[in-house]
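Undergrad: Structure in structure tokens, see below.
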Amino acid sequence: MGRRRARELAFRTLFQSERGGQPLLEVWRSVRQELAEEPEEDPAEAAYGEPLTPATLAFAEGLLKSYDADRERLDAELAESITGWTFTQMSQTDLNVLRLAVTEMRYGDDAPEVAIEMAVRLAKKFGGDESGRFVNGVLAKVLRRLNDAAQDEARPAADAQAEGEAPDPDPDKAADGP
């Protein structure tokens, strides 16, 4: 599957949007138009040997739309996990890799560890000497926060069962009778 290439396309689109100060989804439409106008590529010559398929384009689009729709929340999650840097001080490359990775960790269907690994690869490819290490460290903090939040959400139900309280009845079952 060409998800690696889709992530790179999404990254380049986000980077172009941020650099040019243009709305993300407008830049995406422009990128899609450019891709449609290009002749079909030979899969043997495609980056990573993976052609851009409708599924890979849909994956890239999903990442971009998810980030665009929840930008403030995702950026806030990132800001909480970055120590000693503001977004304006960071490399734009690192920041955009992080943004897409956090989006994928939140909304993607792959394990968060996959998103982290792919983000580190993107950071190493497009960023500076320390980008991979920096991105890995920030995303490890994000993953810990996500795991802690999931445990906190699960805790009240587990506590209620431990105290012998019956869980709330399923309204569908209650309507059917015993």
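A note on labels: chains of the structure tokens are A, B, ... as shown, every chain counts residues from 1, and ligands are counted from 1 in their shown order.
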Please provide as a short mmCIF file (atom, residue, chain, number, x, y, z; two decimals) with N, CA and C atoms, in the first residue's frame all residues within 10 Å of A:Glu61, with the sequence filter that same-chain residues fewer than 3 positions apart are discarded (counting only C-alpha atoms).
TA:
```cif
data_model
loop_
_atom_site.label_atom_id
_atom_site.label_comp_id
_atom_site.auth_asym_id
_atom_site.auth_seq_id
_atom_site.Cartn_x
_atom_site.Cartn_y
_atom_site.Cartn_z
N ALA A 6 1.52 8.64 0.49
CA ALA A 6 0.39 9.51 0.82
C ALA A 6 0.75 10.46 1.95
N ARG A 7 1.47 9.95 2.95
CA ARG A 7 1.90 10.82 4.06
C ARG A 7 2.82 11.92 3.55
N LEU A 9 2.88 13.17 0.53
CA LEU A 9 2.07 14.11 -0.23
C LEU A 9 1.29 15.04 0.70
N ALA A 10 0.73 14.49 1.76
CA ALA A 10 0.02 15.31 2.74
C ALA A 10 0.98 16.30 3.40
N THR A 13 1.80 19.10 1.04
CA THR A 13 0.64 19.98 0.90
C THR A 13 0.51 20.91 2.11
N LEU A 25 -7.11 23.27 2.43
CA LEU A 25 -7.90 22.48 1.49
C LEU A 25 -7.90 23.08 0.08
N TRP A 28 -4.74 21.69 -1.28
CA TRP A 28 -4.96 20.28 -1.60
C TRP A 28 -5.68 20.14 -2.95
N ARG A 29 -6.70 20.95 -3.18
CA ARG A 29 -7.41 20.90 -4.47
C ARG A 29 -6.46 21.20 -5.62
N ARG A 32 -4.21 18.18 -6.13
CA ARG A 32 -4.98 17.12 -6.81
C ARG A 32 -5.13 17.43 -8.30
N ALA A 55 -6.89 5.07 -3.41
CA ALA A 55 -6.85 4.80 -1.96
C ALA A 55 -5.77 5.64 -1.27
N THR A 56 -4.61 5.78 -1.89
CA THR A 56 -3.55 6.57 -1.26
C THR A 56 -3.92 8.05 -1.25
N LEU A 57 -4.55 8.51 -2.33
CA LEU A 57 -4.99 9.90 -2.36
C LEU A 57 -6.08 10.16 -1.31
N ALA A 58 -6.96 9.18 -1.13
CA ALA A 58 -8.01 9.32 -0.11
C ALA A 58 -7.41 9.36 1.29
N LEU A 64 -5.40 15.40 5.80
CA LEU A 64 -5.47 16.86 5.66
C LEU A 64 -6.81 17.42 6.14
N LYS A 65 -7.89 16.76 5.78
CA LYS A 65 -9.21 17.23 6.23
C LYS A 65 -9.35 17.11 7.74
N SER A 66 -8.84 16.02 8.32
CA SER A 66 -8.93 15.84 9.77
C SER A 66 -8.12 16.91 10.49
N TYR A 67 -6.92 17.19 9.99
CA TYR A 67 -6.11 18.24 10.62
C TYR A 67 -6.81 19.59 10.48
#
```
Undergrad: From the options A:Thr83, A:Ser30, A:Ser91, A:Thr53, which residue's atoms come nearest to A:Asp129, counting only C-alpha atoms?
TA: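 Looking only at the distances to A:Asp129, the closest residue turns out to be A:Ser91.
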Undergrad: So the first atom is atom CA of A:Glu8 and the second is atom CA of A:Asn147; what is the distance between them in Å, to one decimal place?
TA: 26.4 Å
Undergrad: Produce a table with one row for each residue of stretch 46-76 of chain A that has an atom at most 12 Å from any atom of stretch 101-121 of chain A, each row naming the nearest atom pair and its distance in Å at one decimal; use only C-alpha atoms; arrange rows by chain and rising residue number; format as CSV.
TA:
```
residue,atom,partner,partner_atom,distance
A:Phe59,CA,A:Gly108,CA,9.0
A:Ala60,CA,A:Glu104,CA,10.2
A:Glu61,CA,A:Glu104,CA,11.7
A:Gly62,CA,A:Gly108,CA,8.6
A:Leu63,CA,A:Glu104,CA,6.5
A:Leu64,CA,A:Thr103,CA,8.5
A:Lys65,CA,A:Thr103,CA,9.7
A:Ser66,CA,A:Thr103,CA,6.7
A:Tyr67,CA,A:Thr103,CA,5.8
A:Asp68,CA,A:Thr103,CA,9.6
A:Ala69,CA,A:Thr103,CA,10.3
A:Asp70,CA,A:Thr103,CA,8.6
A:Arg71,CA,A:Thr103,CA,8.9
A:Glu72,CA,A:Thr103,CA,11.4
A:Arg73,CA,A:Thr103,CA,10.0
A:Leu74,CA,A:Val102,CA,6.8
A:Asp75,CA,A:Val102,CA,8.7
A:Ala76,CA,A:Val102,CA,10.7
```
Undergrad: Generate the output file for the selected residues, N, CA and C atoms, as a short mmCIF file (atom, residue, chain, number, x, y, z; two decimals), in the first residue's frame.
TA:
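Below is the file that was written, selection_21.cif:
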```
data_model
loop_
_atom_site.label_atom_id
_atom_site.label_comp_id
_atom_site.auth_asym_id
_atom_site.auth_seq_id
_atom_site.Cartn_x
_atom_site.Cartn_y
_atom_site.Cartn_z
N PHE A 59 -6.37 8.56 1.51
CA PHE A 59 -5.70 8.57 2.82
C PHE A 59 -5.07 9.94 3.08
N ALA A 60 -4.35 10.49 2.09
CA ALA A 60 -3.74 11.81 2.24
C ALA A 60 -4.81 12.87 2.49
N GLU A 61 -5.89 12.79 1.73
CA GLU A 61 -6.97 13.75 1.89
C GLU A 61 -7.61 13.65 3.28
N GLY A 62 -7.77 12.43 3.77
CA GLY A 62 -8.34 12.23 5.10
C GLY A 62 -7.48 12.87 6.18
N LEU A 63 -6.17 12.71 6.07
CA LEU A 63 -5.26 13.34 7.03
C LEU A 63 -5.41 14.86 7.00
N LEU A 64 -5.40 15.40 5.80
CA LEU A 64 -5.47 16.86 5.66
C LEU A 64 -6.81 17.42 6.14
N LYS A 65 -7.89 16.76 5.78
CA LYS A 65 -9.21 17.23 6.23
C LYS A 65 -9.35 17.11 7.74
N SER A 66 -8.84 16.02 8.32
CA SER A 66 -8.93 15.84 9.77
C SER A 66 -8.12 16.91 10.49
N TYR A 67 -6.92 17.19 9.99
CA TYR A 67 -6.11 18.24 10.62
C TYR A 67 -6.81 19.59 10.48
N ASP A 68 -7.30 19.90 9.28
CA ASP A 68 -7.93 21.19 9.04
C ASP A 68 -9.16 21.38 9.93
N ALA A 69 -9.93 20.32 10.14
CA ALA A 69 -11.15 20.41 10.93
C ALA A 69 -10.88 20.56 12.42
N ASP A 70 -9.75 20.05 12.90
CA ASP A 70 -9.48 20.03 14.34
C ASP A 70 -8.12 20.66 14.66
N ARG A 71 -7.73 21.60 13.85
CA ARG A 71 -6.41 22.23 13.95
C ARG A 71 -6.10 22.77 15.35
N GLU A 72 -7.02 23.50 15.94
CA GLU A 72 -6.74 24.13 17.24
C GLU A 72 -6.48 23.07 18.32
N ARG A 73 -7.31 22.06 18.38
CA ARG A 73 -7.14 21.00 19.39
C ARG A 73 -5.84 20.23 19.17
N LEU A 74 -5.56 19.88 17.92
CA LEU A 74 -4.34 19.13 17.63
C LEU A 74 -3.09 19.95 17.93
N ASP A 75 -3.10 21.22 17.57
CA ASP A 75 -1.96 22.08 17.87
C ASP A 75 -1.80 22.26 19.39
N ALA A 76 -2.91 22.33 20.12
CA ALA A 76 -2.83 22.44 21.58
C ALA A 76 -2.21 21.18 22.17
#
```
Undergrad: Which one of A:Val27, A:Leu146, A:Leu139, A:Leu35 sits closest to A:Leu14 if you count only C-alpha atoms?
TA: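 Of the candidates, the smallest distance to A:Leu14 is held by A:Val27.
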Undergrad: Identify, with DSSP run on backbone atoms, the residues in stretch 89-171 of chain A assigned to alpha helix (DSSP H), and express the list as a ChimeraX atom specification.
TA: /A:92-107,112-126,131-162,171
